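Pasting work.csv here (CSV, C-alpha atoms and all ligand atoms):
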chain,number,residue,atom,x,y,z
A,1,MET,CA,-14.7,-4.0,2.0
A,2,PRO,CA,-11.4,-2.9,3.3
A,3,SER,CA,-11.1,0.3,5.5
A,4,GLY,CA,-8.2,2.5,6.5
A,5,ALA,CA,-7.1,4.1,9.7
A,6,SER,CA,-4.7,6.7,8.2
A,7,THR,CA,-6.9,7.9,5.4
A,8,GLY,CA,-6.4,10.7,2.9
A,9,SER,CA,-8.9,13.5,3.1
A,10,ARG,CA,-9.8,13.2,-0.5
A,11,GLU,CA,-10.7,9.5,-0.4
A,12,ALA,CA,-14.1,8.4,-1.7
A,13,VAL,CA,-16.7,8.3,1.0
A,14,GLU,CA,-17.1,5.1,3.0
A,15,LEU,CA,-20.7,5.1,4.0
A,16,ARG,CA,-21.3,4.2,7.6
A,17,ASP,CA,-24.7,4.2,9.4
A,18,GLY,CA,-23.7,6.6,12.2
A,19,ASP,CA,-26.2,4.8,14.5
A,20,PRO,CA,-24.4,4.7,17.9
A,21,SER,CA,-26.5,1.7,19.0
A,22,ARG,CA,-24.9,-0.5,16.3
A,23,PHE,CA,-21.2,-1.1,16.0
A,24,GLY,CA,-20.4,2.2,17.6
A,25,GLY,CA,-21.9,4.0,14.6
A,26,LYS,CA,-19.8,2.0,12.1
A,27,GLY,CA,-22.6,-0.3,10.8
A,28,VAL,CA,-23.1,-0.5,7.0
A,29,LEU,CA,-26.8,-1.3,6.7
A,30,LYS,CA,-27.3,1.8,4.5
A,31,ALA,CA,-24.5,0.7,2.1
A,32,VAL,CA,-25.9,-2.9,2.0
A,33,GLY,CA,-29.3,-1.4,1.4
A,34,ASN,CA,-27.9,0.6,-1.6
A,35,VAL,CA,-26.5,-2.6,-3.1
A,36,ASN,CA,-29.7,-4.5,-2.7
A,37,GLY,CA,-31.9,-1.5,-3.7
A,38,PRO,CA,-30.9,1.1,-6.3
A,39,ILE,CA,-27.6,-0.5,-7.5
A,40,ARG,CA,-29.4,-3.8,-8.1
A,41,GLU,CA,-32.2,-2.1,-10.0
A,42,ALA,CA,-29.7,-0.2,-12.2
A,43,LEU,CA,-27.6,-3.2,-13.0
A,44,MET,CA,-30.1,-6.1,-13.5
A,45,GLY,CA,-29.8,-7.3,-17.1
A,46,GLN,CA,-26.4,-5.7,-17.7
A,47,ASP,CA,-23.5,-7.8,-19.1
A,48,ALA,CA,-20.9,-8.5,-16.3
A,49,ARG,CA,-18.1,-8.6,-18.9
A,50,GLN,CA,-18.6,-4.9,-19.6
A,51,GLN,CA,-16.8,-3.7,-16.4
A,52,ALA,CA,-16.3,-0.1,-17.5
A,53,ARG,CA,-20.0,0.2,-18.4
A,54,ILE,CA,-21.1,-1.3,-15.1
A,55,ASP,CA,-18.9,1.1,-13.2
A,56,GLU,CA,-20.1,4.0,-15.3
A,57,ILE,CA,-23.7,3.2,-14.5
A,58,MET,CA,-23.0,3.1,-10.8
A,59,LEU,CA,-21.1,6.4,-10.9
A,60,ALA,CA,-23.9,8.1,-12.8
A,61,LEU,CA,-26.5,6.7,-10.3
A,62,ASP,CA,-24.4,8.1,-7.4
A,63,GLY,CA,-24.0,11.5,-9.1
A,64,THR,CA,-21.3,12.9,-6.8
A,65,PRO,CA,-17.5,13.1,-7.4
A,66,ASN,CA,-16.7,11.2,-4.3
A,67,LYS,CA,-19.4,8.5,-4.1
A,68,ALA,CA,-21.1,10.2,-1.2
A,69,THR,CA,-24.7,9.1,-2.2
A,70,LEU,CA,-24.3,5.4,-2.5
A,71,GLY,CA,-21.0,4.9,-0.7
A,72,ALA,CA,-17.7,3.8,-2.2
A,73,ASN,CA,-18.0,0.7,0.0
A,74,ALA,CA,-21.3,-0.2,-1.7
A,75,ILE,CA,-20.1,0.6,-5.3
A,76,LEU,CA,-16.7,-1.1,-4.9
A,77,GLY,CA,-18.3,-4.2,-3.4
A,78,VAL,CA,-20.4,-4.6,-6.5
A,79,SER,CA,-17.6,-3.6,-8.9
A,80,LEU,CA,-15.3,-6.3,-7.5
A,81,ALA,CA,-18.0,-8.9,-7.4
A,82,VAL,CA,-19.0,-8.2,-11.1
A,83,CYS,CA,-15.3,-8.5,-12.1
A,84,ARG,CA,-14.9,-11.9,-10.4
A,85,ALA,CA,-18.2,-13.1,-11.8
A,86,ALA,CA,-17.1,-12.2,-15.3
A,87,ALA,CA,-13.7,-13.9,-14.9
A,88,LYS,CA,-15.6,-17.0,-13.7
A,89,ALA,CA,-18.0,-16.9,-16.7
A,90,ALA,CA,-15.0,-16.6,-19.0
A,91,ASP,CA,-13.4,-19.6,-17.2
A,92,LEU,CA,-10.2,-17.6,-16.6
A,93,PRO,CA,-8.2,-17.0,-13.4
A,94,LEU,CA,-8.9,-13.5,-12.2
A,95,TYR,CA,-5.3,-12.2,-12.9
A,96,GLU,CA,-5.6,-13.5,-16.5
A,97,TYR,CA,-9.0,-12.0,-17.0
A,98,LEU,CA,-7.6,-8.7,-15.9
A,99,GLY,CA,-4.3,-8.8,-17.8
A,100,GLY,CA,-4.6,-11.3,-20.6
A,101,PRO,CA,-1.9,-13.8,-21.6
A,102,GLY,CA,0.9,-11.4,-20.9
A,103,ALA,CA,0.2,-11.3,-17.2
A,104,THR,CA,3.0,-13.4,-16.0
A,105,ARG,CA,5.2,-11.2,-13.7
A,106,LEU,CA,5.0,-11.7,-10.0
A,107,PRO,CA,5.5,-8.6,-7.8
A,108,VAL,CA,8.2,-8.1,-5.1
A,109,PRO,CA,6.2,-8.3,-1.9
A,110,HIS,CA,6.7,-5.5,0.6
A,111,LEU,CA,6.2,-6.8,4.0
A,112,ASN,CA,5.5,-4.3,6.8
A,113,ILE,CA,7.4,-6.0,9.6
A,114,MET,CA,7.6,-3.0,12.0
A,115,ASN,CA,4.5,-0.8,12.7
A,116,GLY,CA,4.3,2.6,14.2
A,117,GLY,CA,2.2,5.7,14.1
A,118,VAL,CA,-1.6,5.3,14.3
A,119,HIS,CA,-1.2,1.6,13.5
A,120,ALA,CA,0.5,1.1,16.8
A,121,ARG,CA,-1.5,3.8,18.8
A,122,TRP,CA,1.6,6.0,18.8
A,123,GLN,CA,3.3,3.6,21.3
A,124,GLY,CA,6.2,2.9,18.9
A,125,ALA,CA,7.9,4.8,16.1
A,126,ASP,CA,6.3,7.9,14.5
A,127,PHE,CA,6.7,6.3,11.1
A,128,GLN,CA,3.8,4.0,10.3
A,129,GLU,CA,5.4,1.3,8.2
A,130,PHE,CA,8.9,-0.3,7.9
A,131,MET,CA,8.8,-2.8,5.1
A,132,ILE,CA,11.3,-5.4,3.7
A,133,ALA,CA,11.5,-6.0,0.0
A,134,PRO,CA,13.2,-9.3,-0.9
A,135,HIS,CA,14.0,-8.3,-4.4
A,136,GLY,CA,17.0,-10.6,-4.7
A,137,ALA,CA,15.0,-13.8,-4.5
A,138,PRO,CA,14.8,-16.0,-7.6
A,139,ASN,CA,11.0,-16.2,-7.5
A,140,PHE,CA,8.0,-15.1,-5.5
A,141,ARG,CA,7.8,-18.2,-3.3
A,142,GLU,CA,11.4,-17.9,-2.3
A,143,ALA,CA,10.9,-14.2,-1.6
A,144,LEU,CA,8.1,-15.0,0.8
A,145,ARG,CA,10.3,-17.7,2.5
A,146,TRP,CA,13.1,-15.1,2.9
A,147,ALA,CA,10.7,-12.5,4.3
A,148,SER,CA,9.2,-15.0,6.8
A,149,GLU,CA,12.6,-16.0,8.0
A,150,ILE,CA,13.6,-12.4,8.4
A,151,TYR,CA,10.4,-11.6,10.3
A,152,GLN,CA,11.2,-14.4,12.8
A,153,ALA,CA,14.8,-13.3,13.0
A,154,LEU,CA,13.7,-9.8,13.7
A,155,ARG,CA,11.5,-11.1,16.5
A,156,SER,CA,14.5,-12.6,18.2
A,157,VAL,CA,16.6,-9.5,17.6
A,158,LEU,CA,13.9,-7.4,19.4
A,159,MET,CA,13.6,-10.0,22.2
A,160,GLU,CA,17.4,-9.9,22.8
A,161,ALA,CA,17.1,-6.1,23.1
A,162,HIS,CA,14.3,-6.7,25.7
A,163,LEU,CA,11.7,-5.0,23.5
A,164,GLU,CA,8.0,-6.0,23.2
A,165,VAL,CA,7.1,-8.2,20.2
A,166,GLY,CA,3.3,-7.5,20.2
A,167,VAL,CA,2.1,-6.6,16.7
A,168,GLY,CA,0.3,-3.6,15.2
A,169,ASP,CA,-2.6,-3.4,12.8
A,170,GLU,CA,-0.7,-4.9,9.8
A,171,GLY,CA,1.1,-7.6,11.7
A,172,GLY,CA,4.5,-5.9,12.2
A,173,PHE,CA,6.2,-5.6,15.6
A,174,ALA,CA,5.4,-2.4,17.4
A,175,PRO,CA,7.9,-1.9,20.2
A,176,LYS,CA,8.6,1.4,22.0
A,177,VAL,CA,11.6,3.0,20.3
A,178,SER,CA,13.4,6.3,20.8
A,179,SER,CA,13.9,7.2,17.2
A,180,ASN,CA,12.6,6.5,13.7
A,181,HIS,CA,15.9,5.0,12.6
A,182,ALA,CA,16.1,2.4,15.4
A,183,PRO,CA,13.6,0.1,13.6
A,184,LEU,CA,15.8,0.3,10.5
A,185,GLU,CA,18.8,-0.8,12.5
A,186,PHE,CA,16.8,-3.7,14.0
A,187,ILE,CA,15.5,-4.7,10.6
A,188,CYS,CA,19.1,-4.7,9.1
A,189,LYS,CA,20.2,-6.9,12.0
A,190,GLY,CA,17.2,-9.2,11.4
A,191,ILE,CA,18.0,-9.5,7.7
A,192,GLU,CA,21.6,-10.4,8.5
A,193,LYS,CA,20.6,-12.8,11.3
A,194,ALA,CA,18.4,-14.6,8.8
A,195,GLY,CA,21.4,-15.0,6.5
A,196,PHE,CA,20.7,-12.3,3.8
A,197,LYS,CA,22.5,-9.2,2.7
A,198,PRO,CA,20.7,-5.9,3.4
A,199,GLY,CA,20.5,-3.9,0.2
A,200,VAL,CA,22.0,-6.5,-2.1
A,201,GLU,CA,19.3,-9.1,-1.6
A,202,VAL,CA,16.7,-7.5,0.6
A,203,GLY,CA,15.8,-3.8,0.5
A,204,ILE,CA,13.8,-1.6,2.9
A,205,ALA,CA,10.8,0.6,2.1
A,206,LEU,CA,9.1,3.2,4.4
A,207,ASP,CA,5.6,4.6,4.7
A,208,PRO,CA,5.9,7.3,7.4
A,209,ALA,CA,2.3,8.3,6.6
A,210,SER,CA,3.4,11.7,7.6
A,211,SER,CA,0.0,13.5,7.2
A,212,GLU,CA,-0.7,11.9,10.6
A,213,PHE,CA,2.1,13.8,12.4
A,214,HIS,CA,2.0,17.0,10.3
A,215,LYS,CA,0.4,19.8,12.3
A,216,ASP,CA,0.6,23.6,12.0
A,217,GLY,CA,3.2,23.3,9.2
A,218,LYS,CA,5.6,21.2,11.2
A,219,TYR,CA,6.3,17.5,11.3
A,220,HIS,CA,6.1,16.3,15.0
A,221,LEU,CA,8.4,13.4,15.7
A,222,HIS,CA,7.1,12.4,19.1
A,223,ALA,CA,9.5,9.5,19.5
A,224,GLU,CA,12.5,11.9,19.0
A,225,ASN,CA,10.8,14.8,20.8
A,226,ARG,CA,11.4,17.3,18.0
A,227,GLN,CA,9.6,19.2,15.3
A,228,LEU,CA,10.9,19.5,11.7
A,229,SER,CA,10.0,21.8,8.8
A,230,SER,CA,9.5,20.4,5.3
A,231,GLU,CA,13.1,21.2,4.4
A,232,GLU,CA,14.4,19.5,7.5
A,233,MET,CA,12.2,16.4,6.8
A,234,VAL,CA,13.7,16.2,3.4
A,235,SER,CA,17.3,16.3,4.8
A,236,TYR,CA,16.2,13.7,7.4
A,237,TYR,CA,15.2,11.4,4.5
A,238,GLU,CA,18.4,12.1,2.6
A,239,LYS,CA,20.4,10.9,5.5
A,240,LEU,CA,18.2,7.8,6.0
A,241,VAL,CA,18.6,7.0,2.3
A,242,ARG,CA,22.4,7.4,2.7
A,243,ASP,CA,22.6,5.2,5.8
A,244,PHE,CA,20.1,2.4,4.9
A,245,PRO,CA,19.2,0.5,1.8
A,246,ILE,CA,15.9,2.3,1.3
A,247,GLY,CA,14.5,1.9,-2.2
A,248,LEU,CA,11.1,3.5,-1.7
A,249,ILE,CA,9.5,6.1,0.5
A,250,GLU,CA,5.7,6.5,0.6
A,251,ASP,CA,4.0,9.6,2.0
A,252,GLY,CA,7.3,11.1,3.2
A,253,LEU,CA,5.5,14.4,3.4
A,254,ALA,CA,1.9,15.3,4.2
A,255,GLU,CA,-1.0,15.4,1.7
A,256,ASP,CA,-1.3,19.2,1.9
A,257,ASP,CA,2.5,19.9,1.6
A,258,TRP,CA,2.8,20.0,-2.2
A,259,ASN,CA,5.8,22.4,-2.0
A,260,GLY,CA,7.6,20.0,0.3
A,261,TRP,CA,6.8,17.1,-2.1
A,262,THR,CA,8.4,19.1,-5.0
A,263,MET,CA,11.5,19.6,-2.9
A,264,LEU,CA,11.6,15.9,-1.8
A,265,ASN,CA,11.2,14.8,-5.4
A,266,ALA,CA,14.0,17.1,-6.6
A,267,LYS,CA,16.4,15.7,-4.0
A,268,LEU,CA,15.5,12.0,-4.0
A,269,GLY,CA,13.3,11.3,-7.0
A,270,HIS,CA,16.3,10.4,-9.2
A,271,LEU,CA,17.5,7.9,-6.6
A,272,ILE,CA,14.5,6.1,-5.2
A,273,GLU,CA,10.8,5.6,-5.7
A,274,LEU,CA,8.6,8.3,-4.1
A,275,VAL,CA,5.1,7.1,-3.7
A,276,GLY,CA,2.0,9.3,-3.0
A,277,ASP,CA,-0.8,7.7,-1.0
A,278,ASP,CA,-2.8,10.3,1.0
A,279,ILE,CA,-1.9,13.0,-1.5
A,280,PHE,CA,-3.3,11.2,-4.5
A,281,CYS,CA,-6.0,8.8,-3.0
A,282,THR,CA,-5.8,6.6,-6.2
A,283,ASN,CA,-7.7,9.4,-7.9
A,284,PRO,CA,-6.6,9.7,-11.6
A,285,ALA,CA,-7.4,13.4,-11.7
A,286,ILE,CA,-5.1,14.1,-8.7
A,287,ILE,CA,-2.4,11.8,-10.0
A,288,ALA,CA,-2.5,13.7,-13.3
A,289,GLU,CA,-1.9,16.9,-11.4
A,290,GLY,CA,1.0,15.3,-9.5
A,291,ILE,CA,2.5,14.1,-12.8
A,292,GLN,CA,2.2,17.6,-14.3
A,293,LYS,CA,3.8,19.2,-11.2
A,294,HIS,CA,6.6,16.6,-10.9
A,295,ILE,CA,5.9,16.0,-7.2
A,296,ALA,CA,6.6,12.3,-7.0
A,297,ASN,CA,7.3,9.3,-9.3
A,298,ALA,CA,4.8,6.8,-8.2
A,299,ALA,CA,1.3,6.4,-6.8
A,300,LEU,CA,-0.1,4.1,-4.2
A,301,ILE,CA,-3.1,2.0,-5.5
A,302,LYS,CA,-5.9,1.3,-3.1
A,303,LEU,CA,-9.2,0.2,-4.6
A,304,ASN,CA,-11.4,1.6,-1.9
A,305,GLN,CA,-9.7,5.1,-2.0
A,306,ILE,CA,-11.4,5.6,-5.4
A,307,GLY,CA,-14.1,3.0,-5.2
A,308,SER,CA,-14.4,1.1,-8.5
A,309,VAL,CA,-12.3,-1.4,-10.5
A,310,SER,CA,-12.4,0.8,-13.7
A,311,GLU,CA,-11.1,3.9,-12.0
A,312,THR,CA,-8.4,1.9,-10.3
A,313,ILE,CA,-7.3,0.5,-13.6
A,314,GLN,CA,-7.3,4.0,-15.0
A,315,ALA,CA,-5.0,5.2,-12.2
A,316,ILE,CA,-2.6,2.3,-12.8
A,317,LYS,CA,-2.5,2.9,-16.6
A,318,LEU,CA,-2.0,6.7,-16.1
A,319,CYS,CA,1.1,5.9,-13.9
A,320,GLY,CA,2.4,3.4,-16.5
A,321,LYS,CA,2.0,5.8,-19.4
A,322,ASN,CA,4.0,8.5,-17.6
A,323,GLY,CA,6.8,6.4,-16.3
A,324,TRP,CA,5.5,6.3,-12.8
A,325,GLY,CA,5.3,3.4,-10.5
A,326,ALA,CA,2.0,1.9,-9.3
A,327,PHE,CA,2.4,0.4,-5.8
A,328,VAL,CA,-0.6,-1.8,-5.0
A,329,SER,CA,-1.8,-1.8,-1.3
A,330,HIS,CA,-4.0,-3.4,1.2
A,331,ARG,CA,-5.6,-1.3,4.0
A,332,SER,CA,-4.9,-1.5,7.7
A,333,GLY,CA,-8.5,-2.8,8.1
A,334,GLU,CA,-8.7,-5.7,5.7
A,335,THR,CA,-10.8,-8.7,4.7
A,336,VAL,CA,-9.5,-12.1,3.5
A,337,ASP,CA,-10.4,-11.2,-0.1
A,338,SER,CA,-7.3,-11.4,-2.2
A,339,PHE,CA,-8.4,-9.3,-5.3
A,340,ILE,CA,-5.3,-7.1,-5.0
A,341,ALA,CA,-3.0,-10.1,-5.6
A,342,ASP,CA,-4.6,-10.8,-9.0
A,343,LEU,CA,-4.8,-7.1,-9.8
A,344,THR,CA,-1.0,-6.6,-9.2
A,345,VAL,CA,-0.1,-9.5,-11.6
A,346,GLY,CA,-2.9,-8.7,-14.1
A,347,LEU,CA,-1.9,-5.0,-14.4
A,348,ASP,CA,1.9,-5.9,-14.1
A,349,CYS,CA,2.5,-3.4,-11.2
A,350,GLY,CA,5.7,-5.1,-10.1
A,351,HIS,CA,5.3,-4.5,-6.4
A,352,LEU,CA,2.6,-4.6,-3.7
A,353,LYS,CA,2.4,-4.2,0.1
A,354,THR,CA,0.1,-6.3,2.1
A,355,GLY,CA,1.5,-6.5,5.6
A,356,ALA,CA,3.7,-8.8,7.7
A,357,PRO,CA,3.7,-12.6,7.1
A,358,ALA,CA,1.3,-12.8,10.0
A,359,ARG,CA,-2.5,-12.4,10.4
A,360,GLY,CA,-4.7,-14.4,8.0
A,361,GLU,CA,-6.0,-11.4,6.1
A,362,ARG,CA,-2.4,-10.3,5.1
A,363,VAL,CA,-1.1,-13.9,4.5
A,364,GLU,CA,-4.0,-14.7,2.2
A,365,LYS,CA,-2.8,-12.2,-0.4
A,366,TYR,CA,0.7,-13.8,-0.3
A,367,ASN,CA,-0.9,-17.2,-0.6
A,368,GLN,CA,-2.9,-16.2,-3.6
A,369,LEU,CA,0.3,-14.9,-5.3
A,370,MET,CA,1.9,-18.3,-4.7
A,371,ARG,CA,-1.1,-19.9,-6.2
A,372,ILE,CA,-0.8,-17.6,-9.3
A,373,GLU,CA,2.9,-18.4,-9.5
A,374,HIS,CA,2.2,-22.1,-9.3
A,375,HIS,CA,-0.6,-21.8,-11.9
A,376,LEU,CA,1.7,-20.0,-14.4
A,377,GLY,CA,4.4,-22.6,-13.9
A,378,SER,CA,7.5,-22.1,-16.0
A,379,ALA,CA,5.9,-19.0,-17.6
A,380,ALA,CA,6.1,-17.1,-14.3
A,381,THR,CA,8.7,-14.4,-13.8
A,382,TYR,CA,9.6,-12.3,-10.8
A,383,ALA,CA,9.9,-8.5,-10.8
A,384,GLY,CA,13.0,-8.7,-8.6
A,385,ALA,CA,15.4,-5.8,-9.0
A,386,HIS,CA,13.2,-4.2,-11.6
A,387,CYS,CA,10.3,-3.6,-9.2
A,388,TYR,CA,10.7,0.2,-9.0
A,389,VAL,CA,10.9,3.1,-11.4
A,390,ARG,CA,14.5,3.6,-10.2
A,391,PRO,CA,17.2,0.9,-10.2
A,392,ILE,CA,17.9,-0.9,-6.9
A,393,ARG,CA,21.0,0.7,-5.4
A,394,GLY,CA,22.3,-2.5,-3.9
B,401,LIG,P1,-4.4,2.7,6.2
B,401,LIG,O1,-2.9,2.7,6.1
B,401,LIG,O2,-5.0,1.6,5.5
B,401,LIG,O3,-4.7,2.7,7.6
B,401,LIG,O4,-4.8,4.0,5.5
B,401,LIG,C1,-2.2,2.2,4.9
B,401,LIG,C2,-1.3,3.3,4.4
B,401,LIG,O5,-1.2,4.4,4.9
B,401,LIG,O6,-0.6,3.0,3.4
B,402,ZN,ZN,0.4,5.0,3.1

Write out the structure in this file as structure tokens.
Amino acid sequence: MPSGASTGSREAVELRDGDPSRFGGKGVLKAVGNVNGPIREALMGQDARQQARIDEIMLALDGTPNKATLGANAILGVSLAVCRAAAKAADLPLYEYLGGPGATRLPVPHLNIMNGGVHARWQGADFQEFMIAPHGAPNFREALRWASEIYQALRSVLMEAHLEVGVGDEGGFAPKVSSNHAPLEFICKGIEKAGFKPGVEVGIALDPASSEFHKDGKYHLHAENRQLSSEEMVSYYEKLVRDFPIGLIEDGLAEDDWNGWTMLNAKLGHLIELVGDDIFCTNPAIIAEGIQKHIANAALIKLNQIGSVSETIQAIKLCGKNGWGAFVSHRSGETVDSFIADLTVGLDCGHLKTGAPARGERVEKYNQLMRIEHHLGSAATYAGAHCYVRPIRG
């Protein structure tokens, strides 16, 4: 199961053994025991094609709102395996089993090519993720080629500036920088160096993961040596959006700063996609509250934040019904499993983020999307400029 480093406080419980003599307390023998014990007993004889029923049985067996008894890692592992098994039994590719014959649209990949924050041990920028979105490409495969070329061009831009090119948790470069707009300047240079037009062909997306640097009501920008209020953060983003071709900001404000979010959405929500990650935790009930309070216009979708396939589908559908975007995501701690690639096409989410074009566990998702595109043949389409709830500004 995947695992995050910058987690929302309301995520479902990831059950770890806490035994300091094994894996520094991070062992999962209890979770595995729950799969082989009570979950197995409850599910034997059930029909794997009844995903909702299977998940319901596990939720009832767990009996808590946050999967604290059995562990979201135990429940999700089974939920995903059951889904795959049912697709296999139906002799369908996973994306088609999930989405039916209409599942033909490939997402715009968002590649996190510069890492900061906790993903780079606070050595680089405060903002956690700087992503490129090659929305102008004609298809997914080309989009991935563009992004890979930009990644390599960025590497040489950074080397020319005598910066480190070691990578962070999600494969992006993580050099020491003195501001949070410096990475944006490097990325624009990289896009141009690779022969593409920033904004017109390739956009930028940010995940500051700001809950990580929000303390005592202030946003602490260590790289810039200053502290900002929510209002000042909103102005900071307004300027960034004016200066750079940013089409999406995720977790611009902290998970407990709902008033700040309302302000941010009022200022920028008509212009760009504002995605809630830590604030919603892929939880349909919290997303519903966010929709009702107009605090964003999209939710991040991470299977392990909520802990079952059925609830993840509910979250995505809730977004769709309310004109919200659903941005599918990997975790900083990943496996080579590529379920999220099929999920994104199956549920027609239009965009996903799964790291830099580096490190096998990231690349595997992109490879699977290329396999899906190949399998669909001429029926495949590419979300391109329609990947967000707001039009690309160019
Ligand atoms: P995480 O980061 O997997 O470390 O939580 C990803 C994100 O914040 O989107
Ligand atoms: Zn995030």

Show which residues sit within 10 Å of Cys188 in chain A, as a list in words. Count all atoms listed in the file, and ignore same-chain residues fewer than 4 positions away.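 These residues fall inside the cut-off: Ile132, Ile150, Leu154, Ala182, Pro183, Leu184, Glu192, Lys193, Ala194, Phe196, Lys197, Pro198, Gly199, Val202, Gly203, Ile204, Phe244 and Pro245 of chain A.
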
Based on the selection just made, write C-alpha atoms of those residues as a PDB file, in the coordinates of the input.
ATOM      1  CA  ILE A 132      11.300  -5.400   3.700  1.00  0.00           C
ATOM      2  CA  ILE A 150      13.600 -12.400   8.400  1.00  0.00           C
ATOM      3  CA  LEU A 154      13.700  -9.800  13.700  1.00  0.00           C
ATOM      4  CA  ALA A 182      16.100   2.400  15.400  1.00  0.00           C
ATOM      5  CA  PRO A 183      13.600   0.100  13.600  1.00  0.00           C
ATOM      6  CA  LEU A 184      15.800   0.300  10.500  1.00  0.00           C
ATOM      7  CA  GLU A 192      21.600 -10.400   8.500  1.00  0.00           C
ATOM      8  CA  LYS A 193      20.600 -12.800  11.300  1.00  0.00           C
ATOM      9  CA  ALA A 194      18.400 -14.600   8.800  1.00  0.00           C
ATOM     10  CA  PHE A 196      20.700 -12.300   3.800  1.00  0.00           C
ATOM     11  CA  LYS A 197      22.500  -9.200   2.700  1.00  0.00           C
ATOM     12  CA  PRO A 198      20.700  -5.900   3.400  1.00  0.00           C
ATOM     13  CA  GLY A 199      20.500  -3.900   0.200  1.00  0.00           C
ATOM     14  CA  VAL A 202      16.700  -7.500   0.600  1.00  0.00           C
ATOM     15  CA  GLY A 203      15.800  -3.800   0.500  1.00  0.00           C
ATOM     16  CA  ILE A 204      13.800  -1.600   2.900  1.00  0.00           C
ATOM     17  CA  PHE A 244      20.100   2.400   4.900  1.00  0.00           C
ATOM     18  CA  PRO A 245      19.200   0.500   1.800  1.00  0.00           C
TER      19      PRO A 245
END

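With only C-alpha atoms and all ligand atoms counted, the chains near ligand LIG 401 (chain B) contribute these residues within 9 Å: Pro2, Ser3, Gly4, Ala5, Ser6, Thr7, Gly8, Val118, His119, Gln128, Glu129, Asp169, Glu170, Asp207, Pro208, Ala209, Glu250, Asp251, Asp277, Asp278, Leu300, Lys302, Ser329, His330, Arg331, Ser332, Gly333, Glu334 and Lys353 of chain A.
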
A straight line from CA of Ser178 in chain A to CA of Ala223 in chain A spans 5.2 Å

Near-His270 in chain A list (10 Å; all atoms listed in the file; drop same-chain fewer than 5 positions) as a ChimeraX atom specification: /A:265,297,389-391

Work out how far apart CA of Arg155 in chain A and CA of Phe173 in chain A are and give it in Å to one decimal.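 Atom-to-atom, CA of Arg155 in chain A to CA of Phe173 in chain A, that is 7.7 Å.
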
To one decimal place in Å, what is the distance between CA of Ser9 in chain A and CA of Ala174 in chain A? 25.7 Å

Selected residue of minimal separation from ligand ZN 402 (chain B) among A:Met263, A:Val345, A:Ala254, A:Ile306, counting only C-alpha atoms and all ligand atoms: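 Of all the options, A:Ala254 lies closest to ligand ZN 402 (chain B).
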
Restricting the calculation to all atoms listed in the file: of A:Gly276, A:Gly325, A:Gly102, A:Gly117, which residue gets closest to ligand ZN 402 (chain B)? A:Gly276

Counting only C-alpha atoms, the residue among A:Pro134, A:Gly290, A:Pro20, A:Gly247 that lies closest to Ile191 in chain A is A:Pro134

List the neighbours of Asn259 in chain A out to 12 Å using all atoms listed in the file; skip same-chain residues closer than 2 positions along the sequence, and give me the result as a PyMOL selection string. chain A and resi 217+229-231+234+253-257+261-266+290+293-296

Can I get the selected residues back with C-alpha atoms, as a PDB file, in the coordinates of the input?
ATOM      1  CA  GLY A 217       3.200  23.300   9.200  1.00  0.00           C
ATOM      2  CA  SER A 229      10.000  21.800   8.800  1.00  0.00           C
ATOM      3  CA  SER A 230       9.500  20.400   5.300  1.00  0.00           C
ATOM      4  CA  GLU A 231      13.100  21.200   4.400  1.00  0.00           C
ATOM      5  CA  VAL A 234      13.700  16.200   3.400  1.00  0.00           C
ATOM      6  CA  LEU A 253       5.500  14.400   3.400  1.00  0.00           C
ATOM      7  CA  ALA A 254       1.900  15.300   4.200  1.00  0.00           C
ATOM      8  CA  GLU A 255      -1.000  15.400   1.700  1.00  0.00           C
ATOM      9  CA  ASP A 256      -1.300  19.200   1.900  1.00  0.00           C
ATOM     10  CA  ASP A 257       2.500  19.900   1.600  1.00  0.00           C
ATOM     11  CA  TRP A 261       6.800  17.100  -2.100  1.00  0.00           C
ATOM     12  CA  THR A 262       8.400  19.100  -5.000  1.00  0.00           C
ATOM     13  CA  MET A 263      11.500  19.600  -2.900  1.00  0.00           C
ATOM     14  CA  LEU A 264      11.600  15.900  -1.800  1.00  0.00           C
ATOM     15  CA  ASN A 265      11.200  14.800  -5.400  1.00  0.00           C
ATOM     16  CA  ALA A 266      14.000  17.100  -6.600  1.00  0.00           C
ATOM     17  CA  GLY A 290       1.000  15.300  -9.500  1.00  0.00           C
ATOM     18  CA  LYS A 293       3.800  19.200 -11.200  1.00  0.00           C
ATOM     19  CA  HIS A 294       6.600  16.600 -10.900  1.00  0.00           C
ATOM     20  CA  ILE A 295       5.900  16.000  -7.200  1.00  0.00           C
ATOM     21  CA  ALA A 296       6.600  12.300  -7.000  1.00  0.00           C
TER      22      ALA A 296
END

Among the residues A:Leu98, A:Ala358, A:Leu206, A:Ala153, the one that comes closest to Ala86 in chain A [using all atoms listed in the file]: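 Closest to Ala86 in chain A, using all atoms listed in the file: A:Leu98.
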
As a compact mmCIF listing (two decimals) with C-alpha atoms, in the coordinates of the input, please: the residues near Gly136 in chain A (cut-off 7 Å, all atoms listed in the file, same-chain neighbours under 4 positions excluded).
# COMPACT_ATOMS: atom_id res chain seq x y z
CA VAL A 200 22.00 -6.50 -2.10
CA GLU A 201 19.30 -9.10 -1.60
CA VAL A 202 16.70 -7.50 0.60
CA GLY A 384 13.00 -8.70 -8.60
CA ALA A 385 15.40 -5.80 -9.00

Using all atoms listed in the file, find the one residue out of A:Met159, A:Val309, A:Leu94, A:Ala12 that sits nearest to Phe280 in chain A.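 Closest candidate: A:Ala12.
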
Could you list, as a VMD selection string, every residue within 12 Å of Ala31 in chain A, counting all atoms listed in the file and ignoring same-chain residues fewer than 4 positions away? chain A and resid 1 13 to 18 26 to 27 35 to 39 67 to 78
